[in-house]
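Coordinates from entry-v6.cif are shown below (mmCIF, C-alpha atoms and all ligand atoms).
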data_my_file
#
loop_
_atom_site.group_PDB
_atom_site.id
_atom_site.type_symbol
_atom_site.label_atom_id
_atom_site.label_comp_id
_atom_site.auth_asym_id
_atom_site.auth_seq_id
_atom_site.Cartn_x
_atom_site.Cartn_y
_atom_site.Cartn_z
ATOM 1 C CA MET A 24 6.630 -2.597 14.377
ATOM 2 C CA LYS A 25 3.295 -1.351 13.122
ATOM 3 C CA HIS A 26 1.491 -1.409 9.780
ATOM 4 C CA LEU A 27 -1.012 1.064 8.357
ATOM 5 C CA VAL A 28 -3.428 -1.209 6.539
ATOM 6 C CA SER A 29 -6.614 0.447 7.788
ATOM 7 C CA MET A 30 -7.283 3.885 9.240
ATOM 8 C CA ALA A 31 -8.443 1.930 12.301
ATOM 9 C CA ASP A 32 -4.853 0.746 12.873
ATOM 10 C CA LEU A 33 -4.204 4.195 14.353
ATOM 11 C CA SER A 34 -5.499 5.549 17.648
ATOM 12 C CA ALA A 35 -6.670 9.146 18.036
ATOM 13 C CA GLU A 36 -3.437 9.891 19.937
ATOM 14 C CA GLU A 37 -1.309 8.438 17.142
ATOM 15 C CA ILE A 38 -3.148 10.489 14.525
ATOM 16 C CA ILE A 39 -2.692 13.691 16.534
ATOM 17 C CA ASP A 40 1.006 12.875 16.933
ATOM 18 C CA ILE A 41 1.428 12.254 13.176
ATOM 19 C CA LEU A 42 -0.308 15.565 12.404
ATOM 20 C CA GLU A 43 2.033 17.422 14.761
ATOM 21 C CA VAL A 44 5.088 15.837 13.157
ATOM 22 C CA ALA A 45 3.630 16.728 9.742
ATOM 23 C CA GLU A 46 3.157 20.377 10.745
ATOM 24 C CA ASP A 47 6.709 20.519 12.033
ATOM 25 C CA HIS A 48 8.145 19.108 8.812
ATOM 26 C CA LYS A 49 5.891 21.294 6.664
ATOM 27 C CA GLU A 50 7.314 24.319 8.398
ATOM 28 C CA LYS A 51 10.876 22.978 8.070
ATOM 29 C CA ARG A 52 10.388 22.461 4.352
ATOM 30 C CA MET A 53 9.037 26.001 3.910
ATOM 31 C CA ARG A 54 12.179 27.304 5.595
ATOM 32 C CA GLY A 55 14.301 25.095 3.342
ATOM 33 C CA LYS A 56 15.599 23.153 6.320
ATOM 34 C CA ALA A 57 16.641 19.637 5.338
ATOM 35 C CA THR A 58 16.868 16.636 7.657
ATOM 36 C CA ASP A 59 18.348 13.204 7.147
ATOM 37 C CA LEU A 60 16.219 11.309 9.629
ATOM 38 C CA LEU A 61 15.728 8.388 7.221
ATOM 39 C CA LYS A 62 19.316 8.285 5.970
ATOM 40 C CA ASN A 63 20.222 4.806 4.687
ATOM 41 C CA LYS A 64 16.576 3.729 4.844
ATOM 42 C CA SER A 65 14.675 2.448 1.814
ATOM 43 C CA LEU A 66 10.970 2.309 1.028
ATOM 44 C CA ALA A 67 9.669 -0.167 -1.574
ATOM 45 C CA MET A 68 6.571 1.149 -3.336
ATOM 46 C CA ILE A 69 4.472 -1.484 -5.118
ATOM 47 C CA PHE A 70 1.853 -0.089 -7.515
ATOM 48 C CA GLU A 71 -0.839 -2.236 -9.098
ATOM 49 C CA LYS A 72 -2.774 0.894 -10.149
ATOM 50 C CA SER A 73 -2.003 4.386 -11.451
ATOM 51 C CA SER A 74 -1.000 7.249 -9.172
ATOM 52 C CA THR A 75 0.197 10.834 -9.347
ATOM 53 C CA ARG A 76 -0.039 12.201 -5.793
ATOM 54 C CA THR A 77 0.680 9.076 -3.765
ATOM 55 C CA ARG A 78 3.688 8.022 -5.765
ATOM 56 C CA VAL A 79 5.266 11.457 -6.020
ATOM 57 C CA SER A 80 4.592 12.454 -2.408
ATOM 58 C CA PHE A 81 6.101 9.242 -1.028
ATOM 59 C CA GLU A 82 9.145 9.555 -3.308
ATOM 60 C CA VAL A 83 9.717 13.200 -2.401
ATOM 61 C CA ALA A 84 9.121 12.501 1.303
ATOM 62 C CA MET A 85 11.794 9.789 1.291
ATOM 63 C CA SER A 86 14.198 11.999 -0.631
ATOM 64 C CA ASP A 87 13.572 15.000 1.689
ATOM 65 C CA LEU A 88 14.395 12.769 4.668
ATOM 66 C CA GLY A 89 17.632 11.527 3.161
ATOM 67 C CA GLY A 90 16.268 8.081 2.331
ATOM 68 C CA HIS A 91 15.629 6.183 -0.864
ATOM 69 C CA SER A 92 12.452 4.921 -2.543
ATOM 70 C CA LEU A 93 11.967 2.228 -5.159
ATOM 71 C CA TYR A 94 8.983 2.410 -7.492
ATOM 72 C CA LEU A 95 7.926 -1.150 -8.300
ATOM 73 C CA ASN A 96 5.255 -1.508 -10.911
ATOM 74 C CA TYR A 97 3.257 -4.688 -10.322
ATOM 75 C CA ASN A 98 3.924 -5.865 -13.861
ATOM 76 C CA ASP A 99 7.667 -5.297 -13.664
ATOM 77 C CA ILE A 100 8.230 -7.382 -10.542
ATOM 78 C CA GLN A 101 7.709 -11.136 -10.290
ATOM 79 C CA ILE A 102 4.260 -10.762 -8.662
ATOM 80 C CA GLY A 103 3.072 -9.957 -12.174
ATOM 81 C CA ARG A 104 4.284 -13.426 -13.230
ATOM 82 C CA GLY A 105 2.735 -15.225 -10.301
ATOM 83 C CA GLU A 106 5.239 -15.004 -7.425
ATOM 84 C CA SER A 107 3.201 -15.028 -4.247
ATOM 85 C CA ILE A 108 2.480 -11.943 -2.160
ATOM 86 C CA ALA A 109 3.844 -13.798 0.878
ATOM 87 C CA ASP A 110 7.211 -14.549 -0.751
ATOM 88 C CA THR A 111 7.428 -11.014 -2.098
ATOM 89 C CA ALA A 112 6.803 -9.602 1.382
ATOM 90 C CA LYS A 113 9.428 -11.879 2.945
ATOM 91 C CA VAL A 114 12.056 -11.023 0.332
ATOM 92 C CA LEU A 115 11.461 -7.262 0.280
ATOM 93 C CA SER A 116 11.666 -7.257 4.082
ATOM 94 C CA ARG A 117 15.289 -8.416 3.768
ATOM 95 C CA TYR A 118 16.182 -5.338 1.679
ATOM 96 C CA VAL A 119 14.036 -2.394 2.731
ATOM 97 C CA HIS A 120 12.767 -0.713 5.891
ATOM 98 C CA GLY A 121 9.193 -0.192 4.763
ATOM 99 C CA ILE A 122 6.783 -1.248 2.017
ATOM 100 C CA CYS A 123 3.919 0.805 0.679
ATOM 101 C CA ALA A 124 1.513 -0.729 -1.781
ATOM 102 C CA ARG A 125 -1.416 0.361 -3.949
ATOM 103 C CA VAL A 126 -3.469 -2.699 -4.772
ATOM 104 C CA ASN A 127 -6.766 -3.766 -6.281
ATOM 105 C CA SER A 128 -7.854 -6.078 -3.509
ATOM 106 C CA HIS A 129 -7.577 -5.147 0.156
ATOM 107 C CA GLU A 130 -6.712 -8.799 0.810
ATOM 108 C CA THR A 131 -3.369 -8.216 -0.976
ATOM 109 C CA ILE A 132 -2.320 -5.498 1.445
ATOM 110 C CA GLU A 133 -3.433 -7.636 4.391
ATOM 111 C CA GLN A 134 -1.298 -10.479 3.097
ATOM 112 C CA LEU A 135 1.704 -8.202 2.603
ATOM 113 C CA ALA A 136 1.346 -7.062 6.201
ATOM 114 C CA ARG A 137 0.984 -10.624 7.437
ATOM 115 C CA TYR A 138 4.258 -11.787 5.888
ATOM 116 C CA SER A 139 6.367 -8.640 6.007
ATOM 117 C CA THR A 140 8.791 -8.053 8.860
ATOM 118 C CA VAL A 141 8.938 -4.322 8.069
ATOM 119 C CA PRO A 142 6.042 -1.814 8.259
ATOM 120 C CA VAL A 143 3.492 -2.032 5.424
ATOM 121 C CA ILE A 144 1.512 1.043 4.376
ATOM 122 C CA ASN A 145 -1.742 0.883 2.428
ATOM 123 C CA ALA A 146 -1.348 3.369 -0.438
ATOM 124 C CA LEU A 147 -4.955 2.620 -1.539
ATOM 125 C CA SER A 148 -6.949 -0.562 -1.868
ATOM 126 C CA ASP A 149 -10.508 -1.193 -2.988
ATOM 127 C CA LEU A 150 -11.546 -0.855 0.672
ATOM 128 C CA GLU A 151 -9.467 1.985 2.132
ATOM 129 C CA HIS A 152 -7.114 4.908 1.517
ATOM 130 C CA PRO A 153 -5.713 5.824 4.962
ATOM 131 C CA CYS A 154 -2.789 7.958 3.678
ATOM 132 C CA GLN A 155 -5.314 10.255 2.011
ATOM 133 C CA ILE A 156 -7.249 10.700 5.229
ATOM 134 C CA LEU A 157 -4.131 11.652 7.210
ATOM 135 C CA ALA A 158 -3.545 14.488 4.730
ATOM 136 C CA ASP A 159 -7.217 15.450 4.889
ATOM 137 C CA LEU A 160 -7.167 15.601 8.683
ATOM 138 C CA LEU A 161 -4.074 17.814 8.516
ATOM 139 C CA THR A 162 -5.957 20.113 6.124
ATOM 140 C CA ILE A 163 -9.035 20.173 8.366
ATOM 141 C CA LYS A 164 -6.833 21.038 11.339
ATOM 142 C CA GLU A 165 -5.260 23.908 9.405
ATOM 143 C CA TYR A 166 -8.612 25.395 8.406
ATOM 144 C CA LYS A 167 -10.786 24.578 11.421
ATOM 145 C CA ASN A 168 -8.262 24.193 14.225
ATOM 146 C CA ARG A 169 -10.417 21.514 15.871
ATOM 147 C CA PHE A 170 -12.058 18.170 15.111
ATOM 148 C CA GLU A 171 -14.575 17.408 17.830
ATOM 149 C CA GLY A 172 -18.125 18.266 16.814
ATOM 150 C CA LEU A 173 -17.392 19.293 13.228
ATOM 151 C CA LYS A 174 -19.838 18.031 10.594
ATOM 152 C CA PHE A 175 -18.242 16.230 7.644
ATOM 153 C CA ALA A 176 -20.583 15.604 4.682
ATOM 154 C CA TRP A 177 -19.573 12.987 2.145
ATOM 155 C CA ILE A 178 -21.392 13.390 -1.169
ATOM 156 C CA GLY A 179 -21.366 10.595 -3.784
ATOM 157 C CA ASP A 180 -19.968 7.095 -3.949
ATOM 158 C CA GLY A 181 -19.387 5.398 -0.581
ATOM 159 C CA ASN A 182 -16.006 4.135 -1.774
ATOM 160 C CA ASN A 183 -12.532 3.439 -0.364
ATOM 161 C CA VAL A 184 -11.843 7.112 0.477
ATOM 162 C CA CYS A 185 -15.274 7.371 2.098
ATOM 163 C CA ASN A 186 -14.612 4.251 4.198
ATOM 164 C CA SER A 187 -11.347 5.633 5.558
ATOM 165 C CA SER A 188 -12.970 9.044 6.131
ATOM 166 C CA ILE A 189 -15.647 7.395 8.266
ATOM 167 C CA LEU A 190 -13.002 5.712 10.419
ATOM 168 C CA GLY A 191 -10.898 8.889 10.653
ATOM 169 C CA CYS A 192 -13.941 10.926 11.687
ATOM 170 C CA ALA A 193 -14.935 8.257 14.220
ATOM 171 C CA LEU A 194 -11.485 8.333 15.800
ATOM 172 C CA LEU A 195 -11.351 12.131 16.093
ATOM 173 C CA GLY A 196 -14.968 12.821 17.084
ATOM 174 C CA ILE A 197 -16.054 14.418 13.802
ATOM 175 C CA ASP A 198 -19.732 13.801 12.932
ATOM 176 C CA ILE A 199 -20.104 12.331 9.457
ATOM 177 C CA ALA A 200 -23.108 12.215 7.130
ATOM 178 C CA VAL A 201 -22.799 10.201 3.924
ATOM 179 C CA ALA A 202 -25.195 11.066 1.088
ATOM 180 C CA CYS A 203 -25.156 8.354 -1.548
ATOM 181 C CA PRO A 204 -27.650 6.530 -3.755
ATOM 182 C CA GLU A 205 -28.869 3.053 -2.900
ATOM 183 C CA GLY A 206 -26.257 0.481 -3.856
ATOM 184 C CA TYR A 207 -23.380 2.911 -3.163
ATOM 185 C CA ASP A 208 -23.307 2.721 0.633
ATOM 186 C CA PRO A 209 -19.977 2.568 2.447
ATOM 187 C CA ASP A 210 -18.736 -0.880 3.473
ATOM 188 C CA SER A 211 -20.951 -2.396 6.191
ATOM 189 C CA GLN A 212 -18.043 -3.786 8.236
ATOM 190 C CA ILE A 213 -16.360 -0.386 8.202
ATOM 191 C CA LEU A 214 -19.606 1.162 9.459
ATOM 192 C CA GLU A 215 -19.782 -1.405 12.210
ATOM 193 C CA MET A 216 -16.172 -0.774 13.187
ATOM 194 C CA ALA A 217 -16.757 3.008 13.180
ATOM 195 C CA ARG A 218 -19.823 2.654 15.382
ATOM 196 C CA GLU A 219 -17.822 0.529 17.804
ATOM 197 C CA ILE A 220 -15.248 3.332 17.976
ATOM 198 C CA GLY A 221 -18.135 5.666 18.808
ATOM 199 C CA ALA A 222 -18.841 7.306 15.441
ATOM 200 C CA ASN A 223 -21.757 9.626 14.905
ATOM 201 C CA VAL A 224 -22.383 8.471 11.327
ATOM 202 C CA THR A 225 -25.526 8.930 9.254
ATOM 203 C CA ILE A 226 -26.279 7.416 5.852
ATOM 204 C CA THR A 227 -28.831 9.345 3.825
ATOM 205 C CA ARG A 228 -30.100 9.475 0.233
ATOM 206 C CA SER A 229 -30.475 13.266 0.537
ATOM 207 C CA THR A 230 -27.513 15.503 -0.341
ATOM 208 C CA GLN A 231 -29.419 18.389 1.242
ATOM 209 C CA GLU A 232 -29.691 16.574 4.583
ATOM 210 C CA ALA A 233 -25.973 15.764 4.536
ATOM 211 C CA ALA A 234 -24.883 19.266 3.491
ATOM 212 C CA GLU A 235 -27.063 21.165 5.988
ATOM 213 C CA ASN A 236 -24.856 22.801 8.590
ATOM 214 C CA ALA A 237 -21.767 21.017 7.232
ATOM 215 C CA ASP A 238 -18.274 22.308 8.021
ATOM 216 C CA ILE A 239 -16.736 20.089 5.362
ATOM 217 C CA LEU A 240 -18.125 18.950 2.007
ATOM 218 C CA TYR A 241 -16.160 16.086 0.495
ATOM 219 C CA THR A 242 -16.481 14.153 -2.737
ATOM 220 C CA ASP A 243 -14.512 11.742 -4.911
ATOM 221 C CA VAL A 244 -14.804 10.438 -8.459
ATOM 222 C CA TRP A 245 -17.929 8.510 -9.386
ATOM 223 C CA ILE A 246 -15.853 5.925 -11.234
ATOM 224 C CA SER A 247 -12.915 4.637 -9.220
ATOM 225 C CA MET A 248 -9.950 2.811 -10.705
ATOM 226 C CA GLY A 249 -11.096 -0.613 -11.855
ATOM 227 C CA GLU A 250 -14.763 0.422 -12.268
ATOM 228 C CA GLU A 251 -14.437 1.777 -15.797
ATOM 229 C CA SER A 252 -16.818 -0.804 -17.256
ATOM 230 C CA GLU A 253 -19.628 0.557 -15.005
ATOM 231 C CA ARG A 254 -19.200 4.101 -16.301
ATOM 232 C CA GLU A 255 -22.640 4.616 -17.891
ATOM 233 C CA LYS A 256 -24.551 3.151 -14.939
ATOM 234 C CA ARG A 257 -22.547 5.118 -12.382
ATOM 235 C CA LEU A 258 -22.980 8.417 -14.238
ATOM 236 C CA LYS A 259 -26.731 7.865 -14.178
ATOM 237 C CA ASP A 260 -26.991 6.602 -10.588
ATOM 238 C CA LEU A 261 -24.775 9.307 -9.106
ATOM 239 C CA ALA A 262 -25.976 12.246 -11.230
ATOM 240 C CA GLU A 263 -27.779 13.913 -8.293
ATOM 241 C CA TYR A 264 -24.807 13.512 -5.973
ATOM 242 C CA GLN A 265 -22.680 16.406 -7.155
ATOM 243 C CA ILE A 266 -20.995 19.171 -5.160
ATOM 244 C CA ASN A 267 -22.152 22.381 -6.856
ATOM 245 C CA SER A 268 -22.825 25.938 -5.711
ATOM 246 C CA ASP A 269 -26.412 25.102 -4.650
ATOM 247 C CA LEU A 270 -25.076 22.479 -2.255
ATOM 248 C CA VAL A 271 -22.302 24.759 -0.988
ATOM 249 C CA ASN A 272 -24.997 27.351 -0.172
ATOM 250 C CA ILE A 273 -26.805 24.854 2.076
ATOM 251 C CA ALA A 274 -23.675 24.232 4.168
ATOM 252 C CA LYS A 275 -22.142 26.584 6.754
ATOM 253 C CA ASN A 276 -20.847 29.920 5.433
ATOM 254 C CA ASP A 277 -17.270 28.904 6.151
ATOM 255 C CA VAL A 278 -17.579 25.370 4.761
ATOM 256 C CA ILE A 279 -14.461 23.904 3.182
ATOM 257 C CA VAL A 280 -14.776 21.806 0.034
ATOM 258 C CA MET A 281 -12.506 18.793 -0.266
ATOM 259 C CA HIS A 282 -11.677 16.231 -2.962
ATOM 260 C CA CYS A 283 -8.875 13.680 -2.862
ATOM 261 C CA LEU A 284 -8.201 14.086 -6.604
ATOM 262 C CA PRO A 285 -8.014 13.202 -9.437
ATOM 263 C CA ALA A 286 -11.271 15.082 -10.172
ATOM 264 C CA HIS A 287 -13.728 14.849 -13.029
ATOM 265 C CA ARG A 288 -14.966 18.417 -13.248
ATOM 266 C CA GLY A 289 -18.601 18.546 -14.261
ATOM 267 C CA GLU A 290 -19.294 15.109 -12.781
ATOM 268 C CA GLU A 291 -18.868 14.829 -8.991
ATOM 269 C CA ILE A 292 -17.904 18.509 -8.618
ATOM 270 C CA THR A 293 -18.451 21.618 -10.694
ATOM 271 C CA GLU A 294 -15.611 23.730 -12.068
ATOM 272 C CA ASP A 295 -16.756 26.864 -10.175
ATOM 273 C CA VAL A 296 -16.775 25.109 -6.799
ATOM 274 C CA MET A 297 -13.476 23.383 -7.427
ATOM 275 C CA GLU A 298 -11.833 26.736 -8.191
ATOM 276 C CA GLY A 299 -14.019 28.734 -5.789
ATOM 277 C CA PRO A 300 -13.269 30.350 -2.419
ATOM 278 C CA HIS A 301 -14.364 27.335 -0.335
ATOM 279 C CA SER A 302 -12.073 24.855 -2.078
ATOM 280 C CA VAL A 303 -9.037 23.608 -0.144
ATOM 281 C CA ILE A 304 -8.440 20.819 -2.644
ATOM 282 C CA PHE A 305 -4.904 21.720 -3.663
ATOM 283 C CA ASP A 306 -3.829 22.259 -0.045
ATOM 284 C CA GLN A 307 -5.077 18.746 0.575
ATOM 285 C CA ALA A 308 -2.953 17.462 -2.304
ATOM 286 C CA GLU A 309 0.108 19.265 -0.922
ATOM 287 C CA ASN A 310 -0.538 17.846 2.529
ATOM 288 C CA ARG A 311 -0.138 14.307 1.198
ATOM 289 C CA LEU A 312 3.591 15.023 1.249
ATOM 290 C CA HIS A 313 3.713 16.371 4.796
ATOM 291 C CA ALA A 314 1.393 13.768 6.311
ATOM 292 C CA GLN A 315 3.175 10.832 4.681
ATOM 293 C CA LYS A 316 6.519 12.200 5.730
ATOM 294 C CA ALA A 317 5.304 12.120 9.325
ATOM 295 C CA LEU A 318 3.863 8.652 8.844
ATOM 296 C CA ILE A 319 7.075 7.109 7.484
ATOM 297 C CA LEU A 320 9.072 8.855 10.201
ATOM 298 C CA ARG A 321 6.874 7.286 12.835
ATOM 299 C CA LEU A 322 6.868 3.833 11.201
ATOM 300 C CA MET A 323 10.383 3.615 9.827
ATOM 301 C CA SER A 324 12.770 5.566 12.032
HETATM 302 N N1 LIG B 401 -5.518 11.039 -4.138
HETATM 303 C C1 LIG B 401 -4.670 10.123 -4.633
HETATM 304 O O1 LIG B 401 -4.376 9.096 -4.036
HETATM 305 O O2 LIG B 401 -4.138 10.476 -5.844
HETATM 306 P P1 LIG B 401 -3.289 9.533 -6.788
HETATM 307 O O3 LIG B 401 -4.193 8.474 -7.317
HETATM 308 O O4 LIG B 401 -2.787 10.454 -7.867
HETATM 309 O O5 LIG B 401 -2.152 8.948 -6.007
HETATM 310 N N1 LIG B 402 -11.777 6.297 -5.207
HETATM 311 C C1 LIG B 402 -10.664 6.602 -6.068
HETATM 312 C C2 LIG B 402 -9.590 7.306 -5.308
HETATM 313 C C3 LIG B 402 -8.410 7.732 -6.120
HETATM 314 C C4 LIG B 402 -7.357 8.378 -5.304
HETATM 315 C C5 LIG B 402 -10.154 5.311 -6.682
HETATM 316 O O1 LIG B 402 -10.078 4.300 -5.978
HETATM 317 O O2 LIG B 402 -9.826 5.313 -7.863
#

Rendering of file as structure tokens:
Amino acid sequence: MKHLVSMADLSAEEIIDILEVAEDHKEKRMRGKATDLLKNKSLAMIFEKSSTRTRVSFEVAMSDLGGHSLYLNYNDIQIGRGESIADTAKVLSRYVHGICARVNSHETIEQLARYSTVPVINALSDLEHPCQILADLLTIKEYKNRFEGLKFAWIGDGNNVCNSSILGCALLGIDIAVACPEGYDPDSQILEMAREIGANVTITRSTQEAAENADILYTDVWISMGEESEREKRLKDLAEYQINSDLVNIAKNDVIVMHCLPAHRGEEITEDVMEGPHSVIFDQAENRLHAQKALILRLMS
């Protein structure tokens, strides 16, 4: 049994394998070919925060594979009334074949994994968002057909999605430059872990330096879930860290622009870039379905 708590739980070989399974199932779905590889299997999905893509893509993936998913809002289950994470993990493990969870604190997902006897998947925590990065790597593969030596430029807040991107890039040999203001650096332990893996990672205050020669420009919201009270400060601090046409022009001619969504057009990315010829943002969103399908197949079948 294996959990996906951090992007670093996967090896490069495992990521490549998941992407191949994802491509296979993407093609099957386009041809309308159904499978029942997860027949009689159930996935419990615990959500402590909002979600559109993650929730729907996991539910549809389970349904496409002949399995069943249960959406469990944190407040509707007994965790909301104080039942421990450990007991919840032990009990759910008696019913289902996998648990995915979107949580505030990364510690919650670690605890779920510690006490669960079925695979636990991190569907976003304050520290990481590995499911997103699997879909992003699938998208990069589709557009660039390689990983090694690409330059990935992260523009904006060094948040959970950034942390997992750094680890994903480290594992697959993609160079990564993070442009963020002081106080918004990616997690230091993640950086250390990535460097141990062999990452070529640069942290800079200059969006220009990060975007120069970039194959991929990536951004995420300036105000993540749970940070709403910091809105005014974040808008001010991150104002210069926007993906706009000037920045796109600094990157390679065939740069792809990525965003995990949801987006705040006019803040971290401009409307014209989001809808422009370099944007692969909605392919990325679609690929959540295919990548997660491959992931649950590998963890649950
Ligand atoms: N990108 C992402 O995880 O989207 P949701 O918050 O809608 O699930
Ligand atoms: N950084 C964002 C990602 C949303 C998918 C957040 O945590 O809200």

| said: Using the chain letters and numbers from this file, what does the PyMOL selection byres (((not hetatm)) within 9 of (chain B and resi 401)) select? Give the answer as a list in words. | reply: Lys72, Ser73, Ser74, Thr75, Arg76, Thr77, Arg78, Val79, Ser80, Arg125, Ala146, Leu147, His152, Cys154, Gln155, Val184, Met248, His282, Cys283, Leu284, Pro285, Ala308 and Arg311 of chain A

| So what does the PyMOL selection byres (((chain A and resi 124) around 9) and not hetatm) actually pick up in this one, as a list in words? | Ala67, Met68, Ile69, Phe70, Glu71, Ile122, Cys123, Arg125, Val126, Thr131, Ile132, Leu135, Val143, Ile144, Asn145, Ala146, Leu147 and Ser148 of chain A

| task | Return as a PyMOL selection string the set of residues that the PyMOL selection byres (((chain A and resi 324) around 12) and not hetatm) yields on the displayed structure. | result | chain A and resi 24-25+59-66+85+88-90+120-121+141-142+316-323

| query | With only C-alpha atoms and all ligand atoms as the atoms that count, which of A:Ala233, A:Ile279, A:Ile156, A:Ile213 lies nearest to ligand LIG 402 (chain B)? | reply |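 Selected residue with least distance to ligand LIG 402 (chain B): A:Ile156.
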
| Distance criterion (only C-alpha atoms): nearest to Lys275 in chain A out of A:Lys174, A:Lys113, A:His91, A:Arg257 |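 Once distances to Lys275 in chain A are computed over only C-alpha atoms, the minimum belongs to A:Lys174.
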
| query | CA of Ser86 in chain A and CA of Asn98 in chain A, how far apart in Å? | reply |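 CA of Ser86 in chain A lies at a distance of 24.5 Å from CA of Asn98 in chain A.
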
| request: Could you give me, as a count of residues only, the residues that have an atom at most 6 Å away from the point (0.6, 13.0, 7.2) in the coordinates of the file, using all atoms listed in the file? | output: 9

| field | Atom-to-atom span, CA of Cys185 in chain A and CA of Met30 in chain A, Å | value |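 Separating CA of Cys185 in chain A from CA of Met30 in chain A is a distance of 11.3 Å.
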
| task | Could you check how far atom C2 of ligand LIG 402 (chain B) sits from CA of Arg288 in chain A, in Å to one decimal? | result |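 Computing the Euclidean distance for atom C2 of ligand LIG 402 (chain B) and CA of Arg288 in chain A yields 14.7 Å.
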
| Taking only C-alpha atoms and all ligand atoms into account, which of A:Ile199, A:Ala286, A:Met216, A:Ala237 comes nearest ligand LIG 402 (chain B)? |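 Looking only at the distances to ligand LIG 402 (chain B), the closest residue turns out to be A:Ala286.
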
Provide an axis-aligned box for all listed atoms of ligand LIG 402 (chain B), padding each side by 6 Å; report its centre and its edge lengths in Å to one decimal, as JSON.
{"center_x": -9.6, "center_y": 6.3, "center_z": -6.5, "size_x": 16.4, "size_y": 16.1, "size_z": 14.7}

Just the residues within 12 Å of Gln231 in chain A, please, counting all atoms listed in the file, with nothing from its chain fewer than 4 positions along; format it as a PDB file with C-alpha atoms, keeping the file's coordinate frame.
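Below is the file that was written, selection.pdb:
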ATOM      1  CA  ALA A 176     -20.583  15.604   4.682  1.00  0.00           C
ATOM      2  CA  TRP A 177     -19.573  12.987   2.145  1.00  0.00           C
ATOM      3  CA  ILE A 178     -21.392  13.390  -1.169  1.00  0.00           C
ATOM      4  CA  ALA A 200     -23.108  12.215   7.130  1.00  0.00           C
ATOM      5  CA  VAL A 201     -22.799  10.201   3.924  1.00  0.00           C
ATOM      6  CA  ALA A 202     -25.195  11.066   1.088  1.00  0.00           C
ATOM      7  CA  CYS A 203     -25.156   8.354  -1.548  1.00  0.00           C
ATOM      8  CA  THR A 227     -28.831   9.345   3.825  1.00  0.00           C
ATOM      9  CA  GLU A 235     -27.063  21.165   5.988  1.00  0.00           C
ATOM     10  CA  ASN A 236     -24.856  22.801   8.590  1.00  0.00           C
ATOM     11  CA  ALA A 237     -21.767  21.017   7.232  1.00  0.00           C
ATOM     12  CA  LEU A 240     -18.125  18.950   2.007  1.00  0.00           C
ATOM     13  CA  GLU A 263     -27.779  13.913  -8.293  1.00  0.00           C
ATOM     14  CA  TYR A 264     -24.807  13.512  -5.973  1.00  0.00           C
ATOM     15  CA  GLN A 265     -22.680  16.406  -7.155  1.00  0.00           C
ATOM     16  CA  ILE A 266     -20.995  19.171  -5.160  1.00  0.00           C
ATOM     17  CA  ASN A 267     -22.152  22.381  -6.856  1.00  0.00           C
ATOM     18  CA  ASP A 269     -26.412  25.102  -4.650  1.00  0.00           C
ATOM     19  CA  LEU A 270     -25.076  22.479  -2.255  1.00  0.00           C
ATOM     20  CA  VAL A 271     -22.302  24.759  -0.988  1.00  0.00           C
ATOM     21  CA  ASN A 272     -24.997  27.351  -0.172  1.00  0.00           C
ATOM     22  CA  ILE A 273     -26.805  24.854   2.076  1.00  0.00           C
ATOM     23  CA  ALA A 274     -23.675  24.232   4.168  1.00  0.00           C
TER      24      ALA A 274
END

| Between A:Ala84, A:Met281, A:Val224, A:Ile38, which has the minimum distance to Pro300 in chain A (counting only C-alpha atoms)? | A:Met281

| Test item: residues at most 9 Å from range 162-166 of chain A, all atoms listed in the file, excluding those fewer than 2 positions along its chain, as a list of chain:residue names |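 Answer for this query is A:Leu42, A:Leu157, A:Ala158, A:Asp159, A:Leu160, A:Asn168, A:Arg169, A:Phe170, A:Ile239, A:Ile279, A:Val303, A:Asp306, A:Gln307, A:Asn310.
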
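Compared by their closest atoms to ligand LIG 402 (chain B), and using only C-alpha atoms and all ligand atoms, the residues A:Arg218, A:His129, A:Lys256, A:Lys167 rank with A:His129 nearest.
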
| said: Using only C-alpha atoms for the distances, tell me which of A:Asp180, A:Gly191, A:Ile102, A:Asn127 is nearest to Ile220 in chain A. | reply: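 Counting only C-alpha atoms, the residue closest to Ile220 in chain A is A:Gly191.
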